[in-house]
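Colleague: Here you go, my_file_31.cif (mmCIF, N, CA and C atoms):
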data_final
loop_
_atom_site.label_atom_id
_atom_site.label_comp_id
_atom_site.auth_asym_id
_atom_site.auth_seq_id
_atom_site.Cartn_x
_atom_site.Cartn_y
_atom_site.Cartn_z
N MET X 24 18.94 7.77 -7.04
CA MET X 24 18.71 7.44 -5.67
C MET X 24 17.28 6.91 -5.49
N GLU X 25 17.16 5.78 -4.84
CA GLU X 25 15.87 5.18 -4.58
C GLU X 25 15.65 5.06 -3.08
N VAL X 26 14.44 5.41 -2.65
CA VAL X 26 14.08 5.33 -1.24
C VAL X 26 12.76 4.57 -1.15
N GLN X 27 12.64 3.72 -0.12
CA GLN X 27 11.42 2.94 -0.02
C GLN X 27 10.77 3.08 1.35
N ALA X 28 9.49 2.76 1.38
CA ALA X 28 8.74 2.68 2.63
C ALA X 28 7.85 1.45 2.54
N ILE X 29 7.75 0.70 3.64
CA ILE X 29 6.97 -0.53 3.65
C ILE X 29 6.00 -0.48 4.83
N THR X 30 4.74 -0.79 4.56
CA THR X 30 3.74 -0.96 5.61
C THR X 30 3.39 -2.44 5.63
N LYS X 31 3.59 -3.07 6.77
CA LYS X 31 3.39 -4.52 6.86
C LYS X 31 2.12 -4.87 7.61
N ASN X 32 1.58 -6.03 7.25
CA ASN X 32 0.44 -6.64 7.93
C ASN X 32 -0.78 -5.74 8.01
N VAL X 33 -1.18 -5.17 6.87
CA VAL X 33 -2.40 -4.39 6.78
C VAL X 33 -3.56 -5.37 6.65
N ARG X 34 -4.60 -5.21 7.47
CA ARG X 34 -5.69 -6.17 7.47
C ARG X 34 -6.66 -5.92 6.31
N MET X 35 -6.18 -6.19 5.12
CA MET X 35 -6.97 -6.07 3.90
C MET X 35 -6.32 -6.97 2.87
N SER X 36 -7.13 -7.51 1.98
CA SER X 36 -6.56 -8.42 0.99
C SER X 36 -5.67 -7.65 0.00
N ALA X 37 -4.67 -8.33 -0.49
CA ALA X 37 -3.74 -7.71 -1.44
C ALA X 37 -4.45 -7.37 -2.74
N GLN X 38 -5.47 -8.12 -3.09
CA GLN X 38 -6.22 -7.86 -4.32
C GLN X 38 -6.91 -6.49 -4.26
N LYS X 39 -7.51 -6.16 -3.13
CA LYS X 39 -8.16 -4.85 -2.97
C LYS X 39 -7.13 -3.73 -2.95
N MET X 40 -5.98 -4.00 -2.36
CA MET X 40 -4.94 -2.99 -2.26
C MET X 40 -4.32 -2.71 -3.63
N ARG X 41 -4.16 -3.74 -4.45
CA ARG X 41 -3.53 -3.58 -5.76
C ARG X 41 -4.31 -2.65 -6.68
N GLU X 42 -5.65 -2.61 -6.54
CA GLU X 42 -6.47 -1.74 -7.38
C GLU X 42 -6.08 -0.27 -7.20
N VAL X 43 -5.74 0.11 -5.97
CA VAL X 43 -5.35 1.49 -5.68
C VAL X 43 -3.88 1.72 -6.02
N VAL X 44 -3.04 0.74 -5.71
CA VAL X 44 -1.60 0.88 -5.91
C VAL X 44 -1.27 1.06 -7.40
N ARG X 45 -2.00 0.39 -8.27
CA ARG X 45 -1.75 0.51 -9.71
C ARG X 45 -2.02 1.92 -10.24
N GLN X 46 -2.91 2.66 -9.57
CA GLN X 46 -3.26 4.00 -10.03
C GLN X 46 -2.12 5.00 -9.88
N ILE X 47 -1.22 4.78 -8.92
CA ILE X 47 -0.18 5.78 -8.66
C ILE X 47 1.17 5.41 -9.25
N GLN X 48 1.31 4.22 -9.79
CA GLN X 48 2.60 3.77 -10.30
C GLN X 48 3.07 4.66 -11.45
N GLY X 49 4.28 5.18 -11.35
CA GLY X 49 4.85 6.01 -12.40
C GLY X 49 4.52 7.49 -12.31
N LEU X 50 3.65 7.88 -11.41
CA LEU X 50 3.27 9.29 -11.28
C LEU X 50 4.31 10.06 -10.45
N PRO X 51 4.39 11.39 -10.63
CA PRO X 51 5.17 12.20 -9.69
C PRO X 51 4.57 12.07 -8.29
N ALA X 52 5.41 12.12 -7.28
CA ALA X 52 4.98 11.82 -5.91
C ALA X 52 3.87 12.75 -5.42
N LEU X 53 3.99 14.05 -5.69
CA LEU X 53 2.97 14.98 -5.22
C LEU X 53 1.65 14.78 -5.95
N GLU X 54 1.72 14.44 -7.23
CA GLU X 54 0.51 14.16 -7.99
C GLU X 54 -0.16 12.87 -7.49
N ALA X 55 0.66 11.89 -7.13
CA ALA X 55 0.13 10.63 -6.59
C ALA X 55 -0.60 10.88 -5.27
N GLN X 56 -0.06 11.77 -4.45
CA GLN X 56 -0.73 12.12 -3.19
C GLN X 56 -2.09 12.77 -3.47
N ALA X 57 -2.16 13.62 -4.47
CA ALA X 57 -3.42 14.27 -4.82
C ALA X 57 -4.44 13.26 -5.32
N VAL X 58 -3.98 12.29 -6.10
CA VAL X 58 -4.88 11.24 -6.61
C VAL X 58 -5.44 10.42 -5.46
N LEU X 59 -4.57 10.04 -4.53
CA LEU X 59 -5.00 9.21 -3.41
C LEU X 59 -5.96 9.95 -2.47
N ALA X 60 -5.85 11.26 -2.43
CA ALA X 60 -6.72 12.05 -1.55
C ALA X 60 -8.19 11.99 -1.99
N VAL X 61 -8.44 11.75 -3.28
CA VAL X 61 -9.82 11.75 -3.77
C VAL X 61 -10.37 10.34 -4.02
N VAL X 62 -9.56 9.31 -3.82
CA VAL X 62 -10.03 7.94 -4.00
C VAL X 62 -10.79 7.52 -2.74
N PRO X 63 -12.08 7.14 -2.86
CA PRO X 63 -12.89 6.87 -1.66
C PRO X 63 -12.80 5.42 -1.18
N ARG X 64 -11.61 4.95 -0.88
CA ARG X 64 -11.45 3.57 -0.43
C ARG X 64 -10.54 3.54 0.80
N LYS X 65 -10.74 2.54 1.64
CA LYS X 65 -9.90 2.39 2.83
C LYS X 65 -8.46 2.13 2.43
N SER X 66 -8.27 1.37 1.36
CA SER X 66 -6.92 1.04 0.92
C SER X 66 -6.16 2.29 0.46
N ALA X 67 -6.86 3.29 -0.05
CA ALA X 67 -6.21 4.52 -0.49
C ALA X 67 -5.59 5.26 0.68
N ARG X 68 -6.21 5.19 1.85
CA ARG X 68 -5.65 5.85 3.03
C ARG X 68 -4.35 5.19 3.47
N VAL X 69 -4.31 3.86 3.39
CA VAL X 69 -3.10 3.13 3.77
C VAL X 69 -1.97 3.41 2.80
N VAL X 70 -2.29 3.42 1.50
CA VAL X 70 -1.28 3.69 0.47
C VAL X 70 -0.78 5.12 0.59
N ALA X 71 -1.67 6.07 0.89
CA ALA X 71 -1.28 7.47 1.06
C ALA X 71 -0.32 7.63 2.24
N LYS X 72 -0.58 6.90 3.31
CA LYS X 72 0.28 6.96 4.49
C LYS X 72 1.67 6.41 4.17
N THR X 73 1.71 5.32 3.40
CA THR X 73 2.99 4.72 3.02
C THR X 73 3.76 5.64 2.08
N LEU X 74 3.05 6.27 1.13
CA LEU X 74 3.68 7.20 0.19
C LEU X 74 4.24 8.41 0.94
N LYS X 75 3.48 8.92 1.90
CA LYS X 75 3.94 10.05 2.70
C LYS X 75 5.22 9.69 3.45
N SER X 76 5.29 8.47 3.95
CA SER X 76 6.48 8.00 4.65
C SER X 76 7.68 7.89 3.71
N ALA X 77 7.44 7.39 2.49
CA ALA X 77 8.53 7.27 1.52
C ALA X 77 9.08 8.64 1.14
N ILE X 78 8.20 9.62 0.97
CA ILE X 78 8.63 10.98 0.64
C ILE X 78 9.43 11.57 1.79
N ALA X 79 8.96 11.35 3.02
CA ALA X 79 9.67 11.86 4.20
C ALA X 79 11.04 11.20 4.34
N ASN X 80 11.12 9.90 4.04
CA ASN X 80 12.41 9.20 4.09
C ASN X 80 13.39 9.82 3.10
N ALA X 81 12.91 10.13 1.89
CA ALA X 81 13.77 10.70 0.86
C ALA X 81 14.25 12.10 1.26
N GLU X 82 13.35 12.89 1.85
CA GLU X 82 13.70 14.26 2.22
C GLU X 82 14.68 14.28 3.41
N ASN X 83 14.39 13.49 4.43
CA ASN X 83 15.19 13.55 5.65
C ASN X 83 16.50 12.79 5.57
N ASN X 84 16.49 11.62 4.92
CA ASN X 84 17.69 10.78 4.89
C ASN X 84 18.61 11.10 3.73
N ASN X 85 18.05 11.53 2.60
CA ASN X 85 18.87 11.76 1.40
C ASN X 85 18.85 13.20 0.91
N GLY X 86 18.10 14.06 1.55
CA GLY X 86 18.07 15.47 1.16
C GLY X 86 17.42 15.74 -0.19
N ALA X 87 16.50 14.88 -0.62
CA ALA X 87 15.82 15.06 -1.91
C ALA X 87 14.66 16.04 -1.74
N LYS X 88 14.27 16.67 -2.85
CA LYS X 88 13.11 17.56 -2.86
C LYS X 88 11.88 16.76 -3.25
N ALA X 89 10.74 17.04 -2.61
CA ALA X 89 9.50 16.31 -2.89
C ALA X 89 9.02 16.55 -4.32
N GLU X 90 9.35 17.73 -4.87
CA GLU X 90 8.89 18.07 -6.23
C GLU X 90 9.56 17.21 -7.30
N THR X 91 10.78 16.72 -7.01
CA THR X 91 11.52 15.95 -8.02
C THR X 91 11.27 14.45 -7.92
N LEU X 92 10.56 14.01 -6.88
CA LEU X 92 10.38 12.57 -6.66
C LEU X 92 9.28 12.00 -7.55
N ARG X 93 9.47 10.75 -7.94
CA ARG X 93 8.52 10.03 -8.78
C ARG X 93 8.32 8.63 -8.19
N VAL X 94 7.10 8.13 -8.23
CA VAL X 94 6.81 6.78 -7.73
C VAL X 94 7.34 5.79 -8.75
N LYS X 95 8.44 5.15 -8.41
CA LYS X 95 9.06 4.20 -9.34
C LYS X 95 8.35 2.85 -9.30
N GLU X 96 8.05 2.40 -8.09
CA GLU X 96 7.41 1.09 -7.94
C GLU X 96 6.46 1.14 -6.76
N ALA X 97 5.28 0.58 -6.93
CA ALA X 97 4.30 0.47 -5.85
C ALA X 97 3.70 -0.93 -5.93
N VAL X 98 3.90 -1.71 -4.86
CA VAL X 98 3.53 -3.13 -4.88
C VAL X 98 2.73 -3.46 -3.63
N ALA X 99 1.70 -4.28 -3.81
CA ALA X 99 0.96 -4.84 -2.68
C ALA X 99 1.12 -6.35 -2.74
N GLY X 100 1.78 -6.91 -1.73
CA GLY X 100 2.02 -8.35 -1.70
C GLY X 100 1.25 -9.01 -0.58
N GLN X 101 1.07 -10.30 -0.73
CA GLN X 101 0.30 -11.06 0.25
C GLN X 101 1.11 -11.29 1.52
N ALA X 102 0.45 -11.18 2.67
CA ALA X 102 1.06 -11.47 3.96
C ALA X 102 0.38 -12.71 4.54
N THR X 103 0.60 -12.97 5.81
CA THR X 103 -0.01 -14.14 6.42
C THR X 103 -1.51 -13.97 6.55
N SER X 104 -2.22 -15.08 6.51
CA SER X 104 -3.68 -15.07 6.65
C SER X 104 -4.07 -15.67 7.98
N ILE X 105 -5.13 -15.12 8.57
CA ILE X 105 -5.67 -15.67 9.81
C ILE X 105 -6.81 -16.61 9.42
N LYS X 106 -6.78 -17.82 9.94
CA LYS X 106 -7.79 -18.81 9.59
C LYS X 106 -8.76 -18.99 10.75
N ARG X 107 -10.05 -18.84 10.44
CA ARG X 107 -11.13 -19.01 11.42
C ARG X 107 -12.18 -19.93 10.82
N PHE X 108 -13.10 -20.40 11.68
CA PHE X 108 -14.18 -21.25 11.20
C PHE X 108 -15.51 -20.72 11.70
N ILE X 109 -16.55 -20.88 10.87
CA ILE X 109 -17.90 -20.47 11.22
C ILE X 109 -18.79 -21.71 11.17
N PRO X 110 -19.71 -21.86 12.13
CA PRO X 110 -20.59 -23.03 12.11
C PRO X 110 -21.53 -23.00 10.91
N LYS X 111 -21.72 -24.17 10.32
CA LYS X 111 -22.61 -24.32 9.16
C LYS X 111 -23.68 -25.35 9.49
N ALA X 112 -24.49 -25.63 8.51
CA ALA X 112 -25.61 -26.54 8.71
C ALA X 112 -25.14 -27.96 9.00
N ARG X 113 -25.95 -28.68 9.75
CA ARG X 113 -25.77 -30.10 10.04
C ARG X 113 -24.44 -30.39 10.73
N GLY X 114 -23.99 -29.49 11.60
CA GLY X 114 -22.82 -29.74 12.42
C GLY X 114 -21.49 -29.57 11.72
N SER X 115 -21.47 -29.04 10.51
CA SER X 115 -20.19 -28.85 9.81
C SER X 115 -19.66 -27.45 10.07
N ALA X 116 -18.46 -27.20 9.59
CA ALA X 116 -17.83 -25.90 9.79
C ALA X 116 -17.32 -25.38 8.46
N GLY X 117 -17.47 -24.09 8.25
CA GLY X 117 -16.98 -23.47 7.01
C GLY X 117 -15.80 -22.57 7.33
N PRO X 118 -14.76 -22.60 6.51
CA PRO X 118 -13.57 -21.78 6.79
C PRO X 118 -13.78 -20.30 6.45
N ILE X 119 -13.14 -19.45 7.23
CA ILE X 119 -13.06 -18.02 6.94
C ILE X 119 -11.58 -17.67 6.91
N ILE X 120 -11.13 -17.07 5.84
CA ILE X 120 -9.72 -16.68 5.72
C ILE X 120 -9.65 -15.16 5.76
N LYS X 121 -9.05 -14.63 6.82
CA LYS X 121 -8.89 -13.19 6.98
C LYS X 121 -7.52 -12.82 6.44
N ARG X 122 -7.50 -12.21 5.27
CA ARG X 122 -6.25 -11.94 4.58
C ARG X 122 -5.64 -10.62 5.02
N SER X 123 -4.32 -10.52 4.85
CA SER X 123 -3.60 -9.28 5.11
C SER X 123 -2.52 -9.12 4.05
N CYS X 124 -1.94 -7.92 3.97
CA CYS X 124 -0.97 -7.66 2.91
C CYS X 124 0.12 -6.71 3.38
N HIS X 125 1.18 -6.64 2.58
CA HIS X 125 2.27 -5.69 2.77
C HIS X 125 2.22 -4.69 1.60
N VAL X 126 2.45 -3.41 1.89
CA VAL X 126 2.50 -2.38 0.85
C VAL X 126 3.92 -1.83 0.80
N LYS X 127 4.50 -1.84 -0.40
CA LYS X 127 5.87 -1.35 -0.58
C LYS X 127 5.86 -0.29 -1.67
N ILE X 128 6.38 0.89 -1.35
CA ILE X 128 6.46 1.98 -2.33
C ILE X 128 7.90 2.45 -2.43
N ILE X 129 8.40 2.51 -3.66
CA ILE X 129 9.75 3.00 -3.92
C ILE X 129 9.65 4.30 -4.72
N VAL X 130 10.27 5.36 -4.21
CA VAL X 130 10.32 6.63 -4.93
C VAL X 130 11.75 6.91 -5.34
N SER X 131 11.91 7.53 -6.50
CA SER X 131 13.26 7.88 -6.98
C SER X 131 13.22 9.30 -7.54
N ASP X 132 14.38 9.91 -7.63
CA ASP X 132 14.46 11.30 -8.12
C ASP X 132 14.92 11.36 -9.57
N GLU X 133 14.74 10.31 -10.32
CA GLU X 133 15.19 10.28 -11.72
C GLU X 133 14.12 10.85 -12.63
#
Let me see the file written as structure tokens.
Modeller:
Amino acid sequence: MEVQAITKNVRMSAQKMREVVRQIQGLPALEAQAVLAVVPRKSARVVAKTLKSAIANAENNNGAKAETLRVKEAVAGQATSIKRFIPKARGSAGPIIKRSCHVKIIVSDE
């Protein structure tokens, strides 16, 4: 049985999110929560929230125990970017790309 949770349009680049997401891939769910609790990054809080949601989905919808769950897949994908411009020298404009991402975590009881 596989259960997933998705957090969409997080205002952070997928590259920064992937650094944290890779740390929990393949770990038991409760151990992954403990790892995320000590990682001092903003992205770790978002991933922890998504993982907590995935565990809750498995417990409430499928009757699984949190102790038996394992993080099967954890992915951070690119979402839409907001494009802005900042004034530069001599009347030109420089682009600013404000990136966002989607976080998807799949837990299974295998």
Colleague: Counting only C-alpha atoms, which residue out of X:Met24, X:Val69, X:Val58, X:Val33 sits closest to X:Leu92?
Modeller: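 Nearest to X:Leu92: X:Met24.
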Colleague: Would you return as a VMD selection string the members of chain X that DSSP assigns to alpha helix (DSSP H) on this structure's backbone?
Modeller: chain X and resid 37 to 47 52 to 61 65 to 85
Colleague: What are the centre and the three edge lengths of an axis-aligned box that wraps all atoms of stretch 76-85 of chain X in the file, given that 3 Å is added to every side, written as JSON and rounded to one decimal in Å?
Modeller:
{"center_x": 12.1, "center_y": 10.8, "center_z": 3.1, "size_x": 19.6, "size_y": 13.0, "size_z": 11.0}
Colleague: Any chance you could resolve the PyMOL selection byres ((chain X and resi 70) around 8) against this file and give the residues as a ChimeraX atom specification?
Modeller: /X:40,43-44,56,59,65-69,71-76,126
Colleague: Quick one: apply the PyMOL selection byres ((chain X and resi 89) around 6.5) to the file and drop the selected residues here as a list in words.
Modeller: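 What the PyMOL selection byres ((chain X and resi 89) around 6.5) grabs from the file is Ala52, Leu53, Ile78, Glu82, Ala87, Lys88, Glu90, Thr91 and Leu92 of chain X.
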Colleague: X:Ser123: which residues within 10 Å, counting only C-alpha atoms, same-chain residues fewer than 6 positions away excluded, as a ChimeraX atom specification?
Modeller: /X:31-38,40,100-105
Colleague: Those selected residues, please, written with N, CA and C atoms and delivered as a PDB file, keeping the file's coordinate frame.
Modeller:
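Generated file (out-v3.pdb):
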ATOM      1  N   LYS X  31       3.590  -3.070   6.770  1.00  0.00           N
ATOM      2  CA  LYS X  31       3.390  -4.520   6.860  1.00  0.00           C
ATOM      3  C   LYS X  31       2.120  -4.870   7.610  1.00  0.00           C
ATOM      4  N   ASN X  32       1.580  -6.030   7.250  1.00  0.00           N
ATOM      5  CA  ASN X  32       0.440  -6.640   7.930  1.00  0.00           C
ATOM      6  C   ASN X  32      -0.780  -5.740   8.010  1.00  0.00           C
ATOM      7  N   VAL X  33      -1.180  -5.170   6.870  1.00  0.00           N
ATOM      8  CA  VAL X  33      -2.400  -4.390   6.780  1.00  0.00           C
ATOM      9  C   VAL X  33      -3.560  -5.370   6.650  1.00  0.00           C
ATOM     10  N   ARG X  34      -4.600  -5.210   7.470  1.00  0.00           N
ATOM     11  CA  ARG X  34      -5.690  -6.170   7.470  1.00  0.00           C
ATOM     12  C   ARG X  34      -6.660  -5.920   6.310  1.00  0.00           C
ATOM     13  N   MET X  35      -6.180  -6.190   5.120  1.00  0.00           N
ATOM     14  CA  MET X  35      -6.970  -6.070   3.900  1.00  0.00           C
ATOM     15  C   MET X  35      -6.320  -6.970   2.870  1.00  0.00           C
ATOM     16  N   SER X  36      -7.130  -7.510   1.980  1.00  0.00           N
ATOM     17  CA  SER X  36      -6.560  -8.420   0.990  1.00  0.00           C
ATOM     18  C   SER X  36      -5.670  -7.650   0.000  1.00  0.00           C
ATOM     19  N   ALA X  37      -4.670  -8.330  -0.490  1.00  0.00           N
ATOM     20  CA  ALA X  37      -3.740  -7.710  -1.440  1.00  0.00           C
ATOM     21  C   ALA X  37      -4.450  -7.370  -2.740  1.00  0.00           C
ATOM     22  N   GLN X  38      -5.470  -8.120  -3.090  1.00  0.00           N
ATOM     23  CA  GLN X  38      -6.220  -7.860  -4.320  1.00  0.00           C
ATOM     24  C   GLN X  38      -6.910  -6.490  -4.260  1.00  0.00           C
ATOM     25  N   MET X  40      -5.980  -4.000  -2.360  1.00  0.00           N
ATOM     26  CA  MET X  40      -4.940  -2.990  -2.260  1.00  0.00           C
ATOM     27  C   MET X  40      -4.320  -2.710  -3.630  1.00  0.00           C
ATOM     28  N   GLY X 100       1.780  -6.910  -1.730  1.00  0.00           N
ATOM     29  CA  GLY X 100       2.020  -8.350  -1.700  1.00  0.00           C
ATOM     30  C   GLY X 100       1.250  -9.010  -0.580  1.00  0.00           C
ATOM     31  N   GLN X 101       1.070 -10.300  -0.730  1.00  0.00           N
ATOM     32  CA  GLN X 101       0.300 -11.060   0.250  1.00  0.00           C
ATOM     33  C   GLN X 101       1.110 -11.290   1.520  1.00  0.00           C
ATOM     34  N   ALA X 102       0.450 -11.180   2.670  1.00  0.00           N
ATOM     35  CA  ALA X 102       1.060 -11.470   3.960  1.00  0.00           C
ATOM     36  C   ALA X 102       0.380 -12.710   4.540  1.00  0.00           C
ATOM     37  N   THR X 103       0.600 -12.970   5.810  1.00  0.00           N
ATOM     38  CA  THR X 103      -0.010 -14.140   6.420  1.00  0.00           C
ATOM     39  C   THR X 103      -1.510 -13.970   6.550  1.00  0.00           C
ATOM     40  N   SER X 104      -2.220 -15.080   6.510  1.00  0.00           N
ATOM     41  CA  SER X 104      -3.680 -15.070   6.650  1.00  0.00           C
ATOM     42  C   SER X 104      -4.070 -15.670   7.980  1.00  0.00           C
ATOM     43  N   ILE X 105      -5.130 -15.120   8.570  1.00  0.00           N
ATOM     44  CA  ILE X 105      -5.670 -15.670   9.810  1.00  0.00           C
ATOM     45  C   ILE X 105      -6.810 -16.610   9.420  1.00  0.00           C
TER      46      ILE X 105
END
Colleague: Between X:Leu50, X:Ile128, X:Val94, X:Ala99, single out the one closest to X:Val26, counting only N, CA and C atoms.
Modeller: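 Using only N, CA and C atoms, X:Val26 sits closest to X:Ile128.
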Colleague: Just list the residues in chain X DSSP gives strand (DSSP E) on the backbone, as a ChimeraX atom specification.
Modeller: /X:25-33,93-101,105-110,116-121,124-131
Colleague: One decimal, Å: what's the distance from atom N of X:Pro51 over to atom C of X:Ala77, could you say?
Modeller: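 Result for atom N of X:Pro51 versus atom C of X:Ala77: 13.0 Å, one decimal.
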Colleague: Which residues, named as in the file, does the PyMOL selection byres ((chain X and resi 25) around 6.5) pick out? Answer as a PyMOL selection string.
Modeller: chain X and resi 24+26-27+129-132
Colleague: Take the residues that were just selected and, keeping N, CA and C atoms, output them as a compact mmCIF listing (two decimals), keeping the file's coordinate frame.
Modeller:
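Result file selection.txt:
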# COMPACT_ATOMS: atom_id res chain seq x y z
N MET X 24 18.94 7.77 -7.04
CA MET X 24 18.71 7.44 -5.67
C MET X 24 17.28 6.91 -5.49
N VAL X 26 14.44 5.41 -2.65
CA VAL X 26 14.08 5.33 -1.24
C VAL X 26 12.76 4.57 -1.15
N GLN X 27 12.64 3.72 -0.12
CA GLN X 27 11.42 2.94 -0.02
C GLN X 27 10.77 3.08 1.35
N ILE X 129 8.40 2.51 -3.66
CA ILE X 129 9.75 3.00 -3.92
C ILE X 129 9.65 4.30 -4.72
N VAL X 130 10.27 5.36 -4.21
CA VAL X 130 10.32 6.63 -4.93
C VAL X 130 11.75 6.91 -5.34
N SER X 131 11.91 7.53 -6.50
CA SER X 131 13.26 7.88 -6.98
C SER X 131 13.22 9.30 -7.54
N ASP X 132 14.38 9.91 -7.63
CA ASP X 132 14.46 11.30 -8.12
C ASP X 132 14.92 11.36 -9.57
Colleague: Could you work out how far atom CA of X:Arg41 lies from atom CA of X:Glu133, giving the answer in Å with one decimal?
Modeller: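 Interatomic distance here is 24.0 Å.
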Colleague: Of the candidates X:Ala81, X:Pro110, X:Lys95, X:Gly117, which shows the shortest atom-to-atom distance to X:Gln48, using only C-alpha atoms?
Modeller: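 For X:Gln48, the nearest of the given residues is X:Lys95.
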Colleague: Neighbours of X:Arg107 within 8 Å (only N, CA and C atoms; same-chain residues fewer than 6 positions away dropped), as a VMD selection string?
Modeller: chain X and resid 116 to 121
Colleague: Just how far from atom CA of X:Val61 is atom CA of X:Glu42, in Å to one decimal?
Modeller: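 According to the coordinates, atom CA of X:Glu42 and atom CA of X:Val61 are separated by 14.4 Å.
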